[in-house]
file my_file39.cif (mmCIF, C-alpha atoms)
data_final
#
loop_
_atom_site.group_PDB
_atom_site.id
_atom_site.type_symbol
_atom_site.label_atom_id
_atom_site.label_comp_id
_atom_site.auth_asym_id
_atom_site.auth_seq_id
_atom_site.Cartn_x
_atom_site.Cartn_y
_atom_site.Cartn_z
ATOM 1 C CA MET A 1 -22.787 28.159 22.125
ATOM 2 C CA LYS A 2 -22.179 24.552 23.013
ATOM 3 C CA ASP A 3 -22.830 23.377 26.534
ATOM 4 C CA HIS A 4 -20.171 21.326 28.299
ATOM 5 C CA SER A 5 -21.746 17.919 27.675
ATOM 6 C CA HIS A 6 -22.184 18.686 23.988
ATOM 7 C CA ALA A 7 -18.529 19.710 23.660
ATOM 8 C CA HIS A 8 -17.529 16.527 25.484
ATOM 9 C CA LYS A 9 -19.554 14.527 22.972
ATOM 10 C CA CYS A 10 -17.689 16.251 20.108
ATOM 11 C CA ASP A 11 -14.305 15.380 21.668
ATOM 12 C CA HIS A 12 -15.389 11.788 22.155
ATOM 13 C CA LEU A 13 -16.717 11.323 18.630
ATOM 14 C CA ILE A 14 -13.892 13.118 16.829
ATOM 15 C CA SER A 15 -11.691 10.079 17.553
ATOM 16 C CA THR A 16 -14.064 7.962 15.463
ATOM 17 C CA ILE A 17 -14.238 10.075 12.319
ATOM 18 C CA SER A 18 -11.218 8.520 10.642
ATOM 19 C CA ASP A 19 -12.850 5.082 10.794
ATOM 20 C CA TYR A 20 -16.125 6.721 9.790
ATOM 21 C CA VAL A 21 -14.797 8.205 6.540
ATOM 22 C CA ASP A 22 -13.139 4.844 5.801
ATOM 23 C CA GLY A 23 -16.465 3.092 6.311
ATOM 24 C CA SER A 24 -14.979 0.859 8.988
ATOM 25 C CA LEU A 25 -16.734 2.221 12.065
ATOM 26 C CA SER A 26 -18.865 -0.239 14.017
ATOM 27 C CA PRO A 27 -22.613 0.074 13.288
ATOM 28 C CA GLN A 28 -23.315 1.186 16.855
ATOM 29 C CA LEU A 29 -20.735 4.000 16.826
ATOM 30 C CA CYS A 30 -21.726 4.911 13.286
ATOM 31 C CA GLU A 31 -25.308 5.417 14.378
ATOM 32 C CA GLU A 32 -24.176 7.449 17.391
ATOM 33 C CA LEU A 33 -21.947 9.655 15.248
ATOM 34 C CA GLU A 34 -24.552 10.233 12.542
ATOM 35 C CA LYS A 35 -27.121 11.174 15.161
ATOM 36 C CA HIS A 36 -24.640 13.668 16.589
ATOM 37 C CA LEU A 37 -23.825 15.062 13.133
ATOM 38 C CA CYS A 38 -27.507 15.853 12.582
ATOM 39 C CA GLU A 39 -27.405 18.273 15.483
ATOM 40 C CA CYS A 40 -23.777 19.505 15.441
ATOM 41 C CA GLU A 41 -22.790 21.797 12.600
ATOM 42 C CA ASN A 42 -19.138 22.040 13.660
ATOM 43 C CA CYS A 43 -18.586 18.290 13.662
ATOM 44 C CA THR A 44 -20.306 18.066 10.273
ATOM 45 C CA VAL A 45 -17.815 20.614 8.912
ATOM 46 C CA VAL A 46 -14.922 18.626 10.383
ATOM 47 C CA VAL A 47 -16.140 15.370 8.810
ATOM 48 C CA ASP A 48 -16.813 16.989 5.416
ATOM 49 C CA THR A 49 -13.479 18.786 5.259
ATOM 50 C CA LEU A 50 -11.586 15.734 6.512
ATOM 51 C CA ARG A 51 -13.075 13.691 3.684
ATOM 52 C CA LYS A 52 -12.292 16.518 1.238
ATOM 53 C CA THR A 53 -8.692 16.717 2.510
ATOM 54 C CA ILE A 54 -8.119 13.054 1.685
ATOM 55 C CA ASN A 55 -9.750 13.452 -1.743
ATOM 56 C CA LEU A 56 -7.622 16.495 -2.603
ATOM 57 C CA VAL A 57 -4.387 14.732 -1.687
ATOM 58 C CA GLN A 58 -5.399 11.725 -3.772
ATOM 59 C CA THR A 59 -6.194 13.974 -6.738
ATOM 60 C CA CYS A 60 -2.844 15.762 -6.417
ATOM 61 C CA VAL A 61 -0.793 12.542 -6.430
ATOM 62 C CA GLU A 62 -2.529 11.292 -9.577
ATOM 63 C CA ASP A 63 -0.207 13.612 -11.501
ATOM 64 C CA ASP A 64 2.946 12.057 -10.040
ATOM 65 C CA CYS A 65 5.069 10.216 -12.558
ATOM 66 C CA LEU A 66 8.388 8.436 -12.729
ATOM 67 C CA PRO A 67 10.765 10.585 -14.806
ATOM 68 C CA GLY A 68 12.074 8.703 -17.846
ATOM 69 C CA GLU A 69 15.707 9.287 -16.919
ATOM 70 C CA VAL A 70 15.091 7.926 -13.404
ATOM 71 C CA ARG A 71 13.573 4.772 -14.913
ATOM 72 C CA ALA A 72 16.504 4.454 -17.311
ATOM 73 C CA ARG A 73 19.083 4.737 -14.515
ATOM 74 C CA LEU A 74 17.106 2.251 -12.402
ATOM 75 C CA PHE A 75 17.057 -0.322 -15.202
ATOM 76 C CA HIS A 76 20.759 0.223 -15.820
ATOM 77 C CA THR A 77 21.576 -0.243 -12.122
ATOM 78 C CA LEU A 78 19.622 -3.495 -12.130
ATOM 79 C CA ASN A 79 21.299 -4.741 -15.329
ATOM 80 C CA LEU A 80 17.954 -4.643 -17.097
ATOM 81 C CA ASP A 81 18.949 -2.372 -20.002
ATOM 82 C CA ASP A 82 17.691 -4.894 -22.537
ATOM 83 C CA PHE A 83 14.166 -4.471 -21.109
ATOM 84 C CA LEU A 84 14.287 -0.684 -21.094
ATOM 85 C CA LYS A 85 12.641 -0.090 -24.456
ATOM 86 C CA LYS A 86 9.352 -1.486 -23.300
ATOM 87 C CA ASP A 87 6.743 1.038 -22.174
ATOM 88 C CA ALA A 88 6.812 1.916 -18.502
ATOM 89 C CA GLY A 89 3.099 1.241 -18.120
ATOM 90 C CA VAL A 90 1.935 -2.173 -17.033
ATOM 91 C CA MET B 1 -0.124 0.082 -4.815
ATOM 92 C CA THR B 2 -2.358 -2.434 -6.472
ATOM 93 C CA GLU B 3 -1.130 -5.660 -7.956
ATOM 94 C CA PRO B 4 -0.459 -5.387 -11.693
ATOM 95 C CA GLU B 5 -3.638 -5.253 -13.728
ATOM 96 C CA LYS B 6 -2.931 -7.514 -16.697
ATOM 97 C CA GLN B 7 -1.085 -10.553 -15.466
ATOM 98 C CA PRO B 8 -0.053 -10.983 -11.841
ATOM 99 C CA ILE B 9 3.663 -11.018 -11.201
ATOM 100 C CA SER B 10 4.796 -14.618 -10.747
ATOM 101 C CA ILE B 11 6.669 -15.045 -7.480
ATOM 102 C CA GLU B 12 7.920 -18.414 -8.712
ATOM 103 C CA ALA B 13 9.421 -16.839 -11.838
ATOM 104 C CA LEU B 14 11.032 -14.105 -9.734
ATOM 105 C CA LYS B 15 12.544 -16.675 -7.393
ATOM 106 C CA ARG B 16 13.848 -18.619 -10.395
ATOM 107 C CA GLY B 17 15.715 -15.480 -11.470
ATOM 108 C CA ASP B 18 13.530 -14.706 -14.486
ATOM 109 C CA ARG B 19 14.876 -11.286 -15.560
ATOM 110 C CA ALA B 20 11.907 -10.420 -17.751
ATOM 111 C CA GLU B 21 9.568 -11.002 -14.826
ATOM 112 C CA PHE B 22 11.807 -8.940 -12.568
ATOM 113 C CA ALA B 23 11.725 -6.092 -15.125
ATOM 114 C CA ARG B 24 7.944 -6.359 -15.181
ATOM 115 C CA MET B 25 7.872 -6.120 -11.386
ATOM 116 C CA VAL B 26 10.131 -3.046 -11.478
ATOM 117 C CA ASP B 27 7.844 -1.336 -13.977
ATOM 118 C CA ALA B 28 4.749 -2.249 -11.983
ATOM 119 C CA TYR B 29 5.993 -0.848 -8.686
ATOM 120 C CA SER B 30 8.690 1.757 -9.385
ATOM 121 C CA LEU B 31 6.344 4.752 -9.608
ATOM 122 C CA HIS B 32 4.774 3.852 -6.256
ATOM 123 C CA ILE B 33 8.136 3.405 -4.543
ATOM 124 C CA TYR B 34 9.523 6.607 -6.057
ATOM 125 C CA ARG B 35 6.419 8.593 -5.090
ATOM 126 C CA LEU B 36 6.559 7.317 -1.519
ATOM 127 C CA ALA B 37 10.265 8.126 -1.251
ATOM 128 C CA MET B 38 9.802 11.575 -2.817
ATOM 129 C CA ARG B 39 7.107 12.493 -0.342
ATOM 130 C CA MET B 40 8.985 11.062 2.627
ATOM 131 C CA LEU B 41 12.255 12.752 1.715
ATOM 132 C CA SER B 42 11.300 15.757 -0.458
ATOM 133 C CA ASN B 43 14.563 15.268 -2.310
ATOM 134 C CA PRO B 44 14.699 13.809 -5.847
ATOM 135 C CA GLN B 45 18.244 12.450 -5.546
ATOM 136 C CA GLU B 46 17.567 10.711 -2.240
ATOM 137 C CA ALA B 47 14.263 9.376 -3.575
ATOM 138 C CA GLU B 48 16.086 7.895 -6.558
ATOM 139 C CA ASP B 49 18.657 6.323 -4.236
ATOM 140 C CA VAL B 50 15.836 4.746 -2.219
ATOM 141 C CA LEU B 51 14.197 3.501 -5.419
ATOM 142 C CA GLN B 52 17.383 1.833 -6.651
ATOM 143 C CA GLU B 53 18.314 0.402 -3.257
ATOM 144 C CA THR B 54 14.811 -1.014 -2.775
ATOM 145 C CA PHE B 55 14.976 -3.076 -5.963
ATOM 146 C CA LEU B 56 18.609 -4.067 -5.435
ATOM 147 C CA LYS B 57 17.705 -5.390 -1.983
ATOM 148 C CA ALA B 58 14.583 -7.064 -3.354
ATOM 149 C CA LEU B 59 16.677 -8.761 -6.044
ATOM 150 C CA ARG B 60 19.075 -10.120 -3.447
ATOM 151 C CA ALA B 61 16.328 -11.173 -1.029
ATOM 152 C CA LEU B 62 13.918 -12.723 -3.546
ATOM 153 C CA PRO B 63 15.253 -16.285 -3.207
ATOM 154 C CA ASN B 64 14.268 -16.146 0.472
ATOM 155 C CA PHE B 65 10.932 -14.376 -0.038
ATOM 156 C CA GLU B 66 8.380 -16.544 1.767
ATOM 157 C CA GLY B 67 5.249 -14.795 0.587
ATOM 158 C CA ARG B 68 3.857 -14.222 4.082
ATOM 159 C CA SER B 69 3.021 -10.711 2.965
ATOM 160 C CA SER B 70 2.165 -9.572 -0.554
ATOM 161 C CA LEU B 71 4.913 -8.526 -2.926
ATOM 162 C CA SER B 72 3.804 -4.891 -2.716
ATOM 163 C CA THR B 73 3.759 -4.857 1.102
ATOM 164 C CA TRP B 74 7.217 -6.427 1.115
ATOM 165 C CA LEU B 75 8.567 -3.822 -1.318
ATOM 166 C CA TYR B 76 7.028 -0.986 0.672
ATOM 167 C CA ARG B 77 8.655 -2.325 3.827
ATOM 168 C CA ILE B 78 12.075 -2.300 2.176
ATOM 169 C CA ALA B 79 11.479 1.197 0.752
ATOM 170 C CA VAL B 80 10.233 2.665 4.039
ATOM 171 C CA ASN B 81 13.265 1.284 5.868
ATOM 172 C CA GLU B 82 15.597 2.735 3.250
ATOM 173 C CA ALA B 83 13.892 6.135 3.415
ATOM 174 C CA LEU B 84 13.990 6.131 7.210
ATOM 175 C CA MET B 85 17.706 5.351 7.125
ATOM 176 C CA MET B 86 18.161 8.433 4.958
ATOM 177 C CA ILE B 87 16.104 10.525 7.372
ATOM 178 C CA ARG B 88 18.040 9.203 10.360
ATOM 179 C CA LYS B 89 21.257 10.326 8.725
ATOM 180 C CA ARG B 90 19.804 13.833 8.857
ATOM 181 C CA LYS B 91 17.917 13.492 12.159
ATOM 182 C CA PRO B 92 19.267 10.632 14.284
ATOM 183 C CA GLU B 93 16.375 10.776 16.759
ATOM 184 C CA VAL B 94 13.697 9.634 14.298
ATOM 185 C CA SER B 95 12.143 6.270 15.110
ATOM 186 C CA LEU B 96 9.029 4.494 13.947
ATOM 187 C CA SER B 97 8.745 2.129 16.882
ATOM 188 C CA ALA B 98 5.536 1.719 18.836
ATOM 189 C CA THR B 99 6.989 3.799 21.657
ATOM 190 C CA ALA B 100 8.197 6.608 19.439
ATOM 191 C CA ASP B 101 6.089 9.612 20.126
ATOM 192 C CA ASN B 102 7.270 12.314 17.789
ATOM 193 C CA GLY B 103 4.078 13.711 16.418
ATOM 194 C CA GLU B 104 1.976 11.610 18.703
ATOM 195 C CA GLU B 105 1.606 14.010 21.550
ATOM 196 C CA ASP B 106 -1.911 14.287 22.797
ATOM 197 C CA GLU B 107 -3.505 17.064 20.828
ATOM 198 C CA ASP B 108 -6.314 17.613 23.302
ATOM 199 C CA GLY B 109 -6.796 21.284 23.916
ATOM 200 C CA GLU B 110 -5.709 22.306 20.441
ATOM 201 C CA GLU B 111 -8.424 24.368 18.839
ATOM 202 C CA MET B 112 -9.770 22.758 15.677
ATOM 203 C CA GLN B 113 -10.317 24.900 12.617
ATOM 204 C CA ILE B 114 -14.019 25.066 11.795
ATOM 205 C CA VAL B 115 -14.125 26.470 8.286
ATOM 206 C CA ASP B 116 -16.528 25.064 5.733
ATOM 207 C CA TRP B 117 -14.229 25.275 2.713
ATOM 208 C CA GLY B 118 -15.365 21.986 1.196
ATOM 209 C CA HIS B 119 -17.775 23.715 -1.142
ATOM 210 C CA MET B 120 -15.171 25.961 -2.751
ATOM 211 C CA PRO B 121 -14.821 25.356 -6.504
ATOM 212 C CA GLU B 122 -12.329 22.655 -7.528
ATOM 213 C CA SER B 123 -10.435 25.257 -9.565
ATOM 214 C CA GLU B 124 -9.577 27.036 -6.312
ATOM 215 C CA LEU B 125 -9.132 23.933 -4.168
ATOM 216 C CA LEU B 126 -6.659 22.568 -6.701
ATOM 217 C CA SER B 127 -5.023 25.722 -8.049
ATOM 218 C CA THR B 128 -1.268 25.553 -8.583
ATOM 219 C CA GLU B 129 -0.729 27.442 -5.335
ATOM 220 C CA ALA B 130 -3.200 25.220 -3.457
ATOM 221 C CA ARG B 131 -1.464 22.073 -4.702
ATOM 222 C CA ARG B 132 1.852 23.460 -3.474
ATOM 223 C CA ASN B 133 0.238 24.128 -0.126
ATOM 224 C CA ILE B 134 -1.044 20.544 0.046
ATOM 225 C CA ASP B 135 2.464 19.223 -0.697
ATOM 226 C CA GLN B 136 3.908 21.450 2.011
ATOM 227 C CA ALA B 137 1.258 20.364 4.511
ATOM 228 C CA ILE B 138 2.202 16.710 3.939
ATOM 229 C CA GLU B 139 5.885 17.581 4.171
ATOM 230 C CA LYS B 140 5.334 19.258 7.551
ATOM 231 C CA LEU B 141 3.829 16.134 9.138
ATOM 232 C CA PRO B 142 6.076 14.373 11.670
ATOM 233 C CA GLU B 143 7.704 11.285 10.112
ATOM 234 C CA THR B 144 5.701 8.795 12.168
ATOM 235 C CA LEU B 145 2.420 10.276 10.995
ATOM 236 C CA LYS B 146 3.533 11.045 7.464
ATOM 237 C CA VAL B 147 4.546 7.505 6.545
ATOM 238 C CA VAL B 148 1.255 6.078 7.813
ATOM 239 C CA PHE B 149 -0.718 8.678 5.867
ATOM 240 C CA LEU B 150 1.290 8.047 2.693
ATOM 241 C CA LEU B 151 0.895 4.283 2.817
ATOM 242 C CA ARG B 152 -2.794 4.347 3.712
ATOM 243 C CA ASP B 153 -4.219 7.372 1.893
ATOM 244 C CA VAL B 154 -1.793 7.902 -0.975
ATOM 245 C CA GLU B 155 -0.759 4.335 -1.792
ATOM 246 C CA GLY B 156 -4.067 2.831 -0.730
ATOM 247 C CA LEU B 157 -2.791 0.078 1.554
ATOM 248 C CA SER B 158 -5.225 -1.446 4.011
ATOM 249 C CA ILE B 159 -4.771 -0.774 7.726
ATOM 250 C CA GLU B 160 -3.463 -4.334 8.065
ATOM 251 C CA ASP B 161 -0.921 -3.991 5.242
ATOM 252 C CA THR B 162 0.192 -0.570 6.503
ATOM 253 C CA ALA B 163 0.800 -2.093 9.933
ATOM 254 C CA ASP B 164 2.630 -5.006 8.324
ATOM 255 C CA SER B 165 4.823 -2.718 6.209
ATOM 256 C CA LEU B 166 5.806 -0.629 9.217
ATOM 257 C CA GLY B 167 6.036 -3.383 11.823
ATOM 258 C CA ILE B 168 3.593 -1.641 14.151
ATOM 259 C CA SER B 169 0.152 -2.599 15.458
ATOM 260 C CA GLN B 170 -3.061 -1.855 13.598
ATOM 261 C CA ALA B 171 -4.174 0.223 16.591
ATOM 262 C CA ALA B 172 -1.047 2.383 16.233
ATOM 263 C CA VAL B 173 -1.733 2.785 12.511
ATOM 264 C CA LYS B 174 -5.284 3.953 13.219
ATOM 265 C CA THR B 175 -4.168 6.415 15.885
ATOM 266 C CA ARG B 176 -1.447 7.891 13.682
ATOM 267 C CA LEU B 177 -3.723 8.019 10.661
ATOM 268 C CA LEU B 178 -6.348 9.979 12.585
ATOM 269 C CA ARG B 179 -3.731 12.465 13.817
ATOM 270 C CA ALA B 180 -2.183 12.843 10.374
ATOM 271 C CA ARG B 181 -5.552 13.434 8.723
ATOM 272 C CA LEU B 182 -6.641 15.943 11.380
ATOM 273 C CA ARG B 183 -3.380 17.860 11.117
ATOM 274 C CA LEU B 184 -3.612 18.018 7.345
ATOM 275 C CA ARG B 185 -7.239 19.083 7.536
ATOM 276 C CA ASP B 186 -6.281 21.868 9.922
ATOM 277 C CA GLU B 187 -3.416 23.029 7.682
ATOM 278 C CA LEU B 188 -5.691 23.091 4.670
ATOM 279 C CA SER B 189 -8.421 24.842 6.656
ATOM 280 C CA THR B 190 -6.025 27.634 7.588
ATOM 281 C CA TYR B 191 -5.010 28.044 3.950
ATOM 282 C CA TYR B 192 -8.514 27.948 2.470
ATOM 283 C CA ARG B 193 -9.890 30.240 5.198
ATOM 284 C CA GLU B 194 -7.470 32.914 3.992
ATOM 285 C CA ARG B 195 -8.572 32.354 0.403
ATOM 286 C CA MET B 196 -12.218 32.716 1.477
ATOM 287 C CA VAL B 197 -11.466 35.936 3.372
ATOM 288 C CA GLU B 198 -9.725 37.395 0.329
ATOM 289 C CA LYS B 199 -12.962 37.089 -1.666
#
call {"tool": "encode", "arguments": {"input": "my_file39.cif", "output": "structure tokens"}}
result
Amino acid sequence: MKDHSHAHKCDHLISTISDYVDGSLSPQLCEELEKHLCECENCTVVVDTLRKTINLVQTCVEDDCLPGEVRARLFHTLNLDDFLKKDAGV
Amino acid sequence: MTEPEKQPISIEALKRGDRAEFARMVDAYSLHIYRLAMRMLSNPQEAEDVLQETFLKALRALPNFEGRSSLSTWLYRIAVNEALMMIRKRKPEVSLSATADNGEEDEDGEEMQIVDWGHMPESELLSTEARRNIDQAIEKLPETLKVVFLLRDVEGLSIEDTADSLGISQAAVKTRLLRARLRLRDELSTYYRERMVEK
């Protein structure tokens, strides 16, 4: 069971984990957080699953595509029908 | 949204009214704009309206485009504003301003989910049902958090460009991004915990 000061440390450091997973945390806070992670299993789970959450969303959206009929209507609306035959990919 | 890979879009050609270059710009950015609108609105017809309106407005505004922000940031800004106008028609109270607080309540005191689901196999993490759950978790985010998450983590904008697209401070972007990510993580933790218990 965590003591009060340990739990306070978790609360304090949780606000830094977004910058941490982005790699934009200051070196000093990064060192403080990594030291804490070595001794706090719960915070390690939060960091790992936060990173995984972002990765999963990014994997899911890779399958998104622009439906052909939506592209066709867009080009028509913009008076670009004569450019429609070209592939959608750039 | 990254700049086109092969040849960068020429702002000068766009401003001259070069239709071929405009068509190239539409093809380079339309998927990104449509995806953003789809995930903000969860409605294909409204997303298509936002897509069309974004490029119509861009076409009209191009002669005055000063290039202070990148083309992609500028297009995102137009698209976000269009999508928010749609949302406001449904829910007039929605605002993205720095003082808007929907979804920004202090979450202190909320119990965080501590479930180590990160090591589950990809086949389970990304099953058809799990993907639907991820979509729903994004959909449930308050608008102010959702749009920041979409621009930063889905479209890959920098903190600075996200702030620029939304007209809010970088500090506000960081705060909202943290809250959005934590909420999503909690939603996913609840879902995957149940899957782990079922085993």
call {"tool": "resolve_selection", "arguments": {"input": "my_file39.cif", "expression": "the PyMOL selection byres ((chain B and resi 124) around 12)", "output": "compact mmCIF listing (two decimals) with C-alpha atoms, in the frame of the given file"}}
result
# COMPACT_ATOMS: atom_id res chain seq x y z
CA LEU A 56 -7.62 16.50 -2.60
CA TRP B 117 -14.23 25.28 2.71
CA GLY B 118 -15.36 21.99 1.20
CA HIS B 119 -17.77 23.72 -1.14
CA MET B 120 -15.17 25.96 -2.75
CA PRO B 121 -14.82 25.36 -6.50
CA GLU B 122 -12.33 22.66 -7.53
CA SER B 123 -10.44 25.26 -9.56
CA LEU B 125 -9.13 23.93 -4.17
CA LEU B 126 -6.66 22.57 -6.70
CA SER B 127 -5.02 25.72 -8.05
CA THR B 128 -1.27 25.55 -8.58
CA GLU B 129 -0.73 27.44 -5.34
CA ALA B 130 -3.20 25.22 -3.46
CA ARG B 131 -1.46 22.07 -4.70
CA ASN B 133 0.24 24.13 -0.13
CA TYR B 191 -5.01 28.04 3.95
CA TYR B 192 -8.51 27.95 2.47
CA ARG B 193 -9.89 30.24 5.20
CA ARG B 195 -8.57 32.35 0.40
CA MET B 196 -12.22 32.72 1.48
CA LYS B 199 -12.96 37.09 -1.67
call {"tool": "axis_aligned_box", "arguments": {"input": "my_file39.cif", "around": "region 48-53 of chain A", "padding_each_side": "6 Å", "output": "lines of an AutoDock Vina configuration file"}}
result
center_x = -12.8
center_y = 16.2
center_z = 3.9
size_x = 20.1
size_y = 17.1
size_z = 17.3
call {"tool": "resolve_selection", "arguments": {"input": "my_file39.cif", "expression": "the PyMOL selection byres ((chain B) within 6 of (chain A))", "output": "list in words"}}
result
Asp27, Ala28, Leu31, Gln52, Asp116, Gly118, Val154, Leu178 and Arg185 of chain B
call {"tool": "closest_residue", "arguments": {"input": "my_file39.cif", "among": "B:Thr144, B:Val80, B:Asp161, B:Ser189", "to": "His32 (chain B)", "atoms": "all atoms listed in the file"}}
result
B:Val80
call {"tool": "atom_distance", "arguments": {"input": "my_file39.cif", "atom1": "CA of Gly156 (chain B)", "atom2": "CA of Leu182 (chain B)"}}
result
18.0 Å
call {"tool": "atom_distance", "arguments": {"input": "my_file39.cif", "atom1": "CA of Asp135 (chain B)", "atom2": "CA of Asp186 (chain B)"}}
result
14.0 Å
call {"tool": "atom_distance", "arguments": {"input": "my_file39.cif", "atom1": "CA of Leu37 (chain A)", "atom2": "CA of Lys9 (chain A)"}}
result
10.7 Å
call {"tool": "resolve_selection", "arguments": {"input": "my_file39.cif", "expression": "the PyMOL selection byres ((chain B and resi 173) around 10)", "output": "number ranges by chain"}}
result
B: 98, 144-145, 147-149, 152, 159-164, 166-172, 174-179
call {"tool": "decode", "arguments": {"input": "my_file39.cif", "residues": "region 7-68 of chain A", "atoms": "C-alpha atoms", "output": "compact mmCIF listing (two decimals), in the first residue's frame"}}
result
# COMPACT_ATOMS: atom_id res chain seq x y z
CA ALA A 7 0.68 8.85 -3.61
CA HIS A 8 1.30 12.60 -3.71
CA LYS A 9 4.36 11.98 -5.87
CA CYS A 10 2.22 9.92 -8.28
CA ASP A 11 -0.35 12.73 -8.56
CA HIS A 12 2.39 15.26 -9.17
CA LEU A 13 4.18 13.23 -11.83
CA ILE A 14 1.07 12.05 -13.68
CA SER A 15 0.73 15.59 -15.08
CA THR A 16 4.09 15.14 -16.80
CA ILE A 17 3.50 11.83 -18.55
CA SER A 18 1.98 13.31 -21.68
CA ASP A 19 5.15 15.33 -22.32
CA TYR A 20 7.16 12.27 -21.31
CA VAL A 21 5.65 9.97 -23.95
CA ASP A 22 6.11 12.77 -26.51
CA GLY A 23 9.77 13.04 -25.55
CA SER A 24 9.38 16.72 -24.73
CA LEU A 25 9.77 16.62 -20.95
CA SER A 26 12.63 18.65 -19.50
CA PRO A 27 15.70 16.55 -18.61
CA GLN A 28 15.28 17.31 -14.91
CA LEU A 29 11.63 16.20 -14.77
CA CYS A 30 12.41 13.26 -17.03
CA GLU A 31 15.03 12.03 -14.59
CA GLU A 32 12.64 12.54 -11.67
CA LEU A 33 9.86 10.63 -13.42
CA GLU A 34 12.07 7.74 -14.51
CA LYS A 35 13.43 7.40 -10.99
CA HIS A 36 9.85 7.25 -9.71
CA LEU A 37 8.85 4.71 -12.37
CA CYS A 38 11.60 2.36 -11.17
CA GLU A 39 9.89 2.11 -7.81
CA CYS A 40 6.19 2.60 -8.69
CA GLU A 41 4.49 -0.23 -10.53
CA ASN A 42 1.16 1.59 -10.89
CA CYS A 43 2.67 4.63 -12.57
CA THR A 44 4.65 2.34 -14.88
CA VAL A 45 1.37 0.69 -15.93
CA VAL A 46 -0.19 4.11 -16.54
CA VAL A 47 2.73 5.25 -18.71
CA ASP A 48 2.85 1.97 -20.68
CA THR A 49 -0.88 1.86 -21.32
CA LEU A 50 -1.01 5.57 -22.17
CA ARG A 51 1.65 5.02 -24.81
CA LYS A 52 -0.20 1.92 -26.04
CA THR A 53 -3.49 3.87 -26.21
CA ILE A 54 -1.94 6.42 -28.57
CA ASN A 55 -0.37 3.66 -30.70
CA LEU A 56 -3.66 1.77 -31.00
CA VAL A 57 -5.57 4.86 -32.11
CA GLN A 58 -2.88 5.62 -34.69
CA THR A 59 -3.04 2.05 -36.00
CA CYS A 60 -6.84 2.20 -36.25
CA VAL A 61 -6.87 5.43 -38.29
CA GLU A 62 -4.37 4.03 -40.80
CA ASP A 63 -7.32 2.19 -42.35
CA ASP A 64 -9.33 5.38 -42.90
CA CYS A 65 -9.85 6.28 -46.52
CA LEU A 66 -11.68 8.84 -48.59
CA PRO A 67 -14.56 7.07 -50.36
CA GLY A 68 -14.31 7.41 -54.15
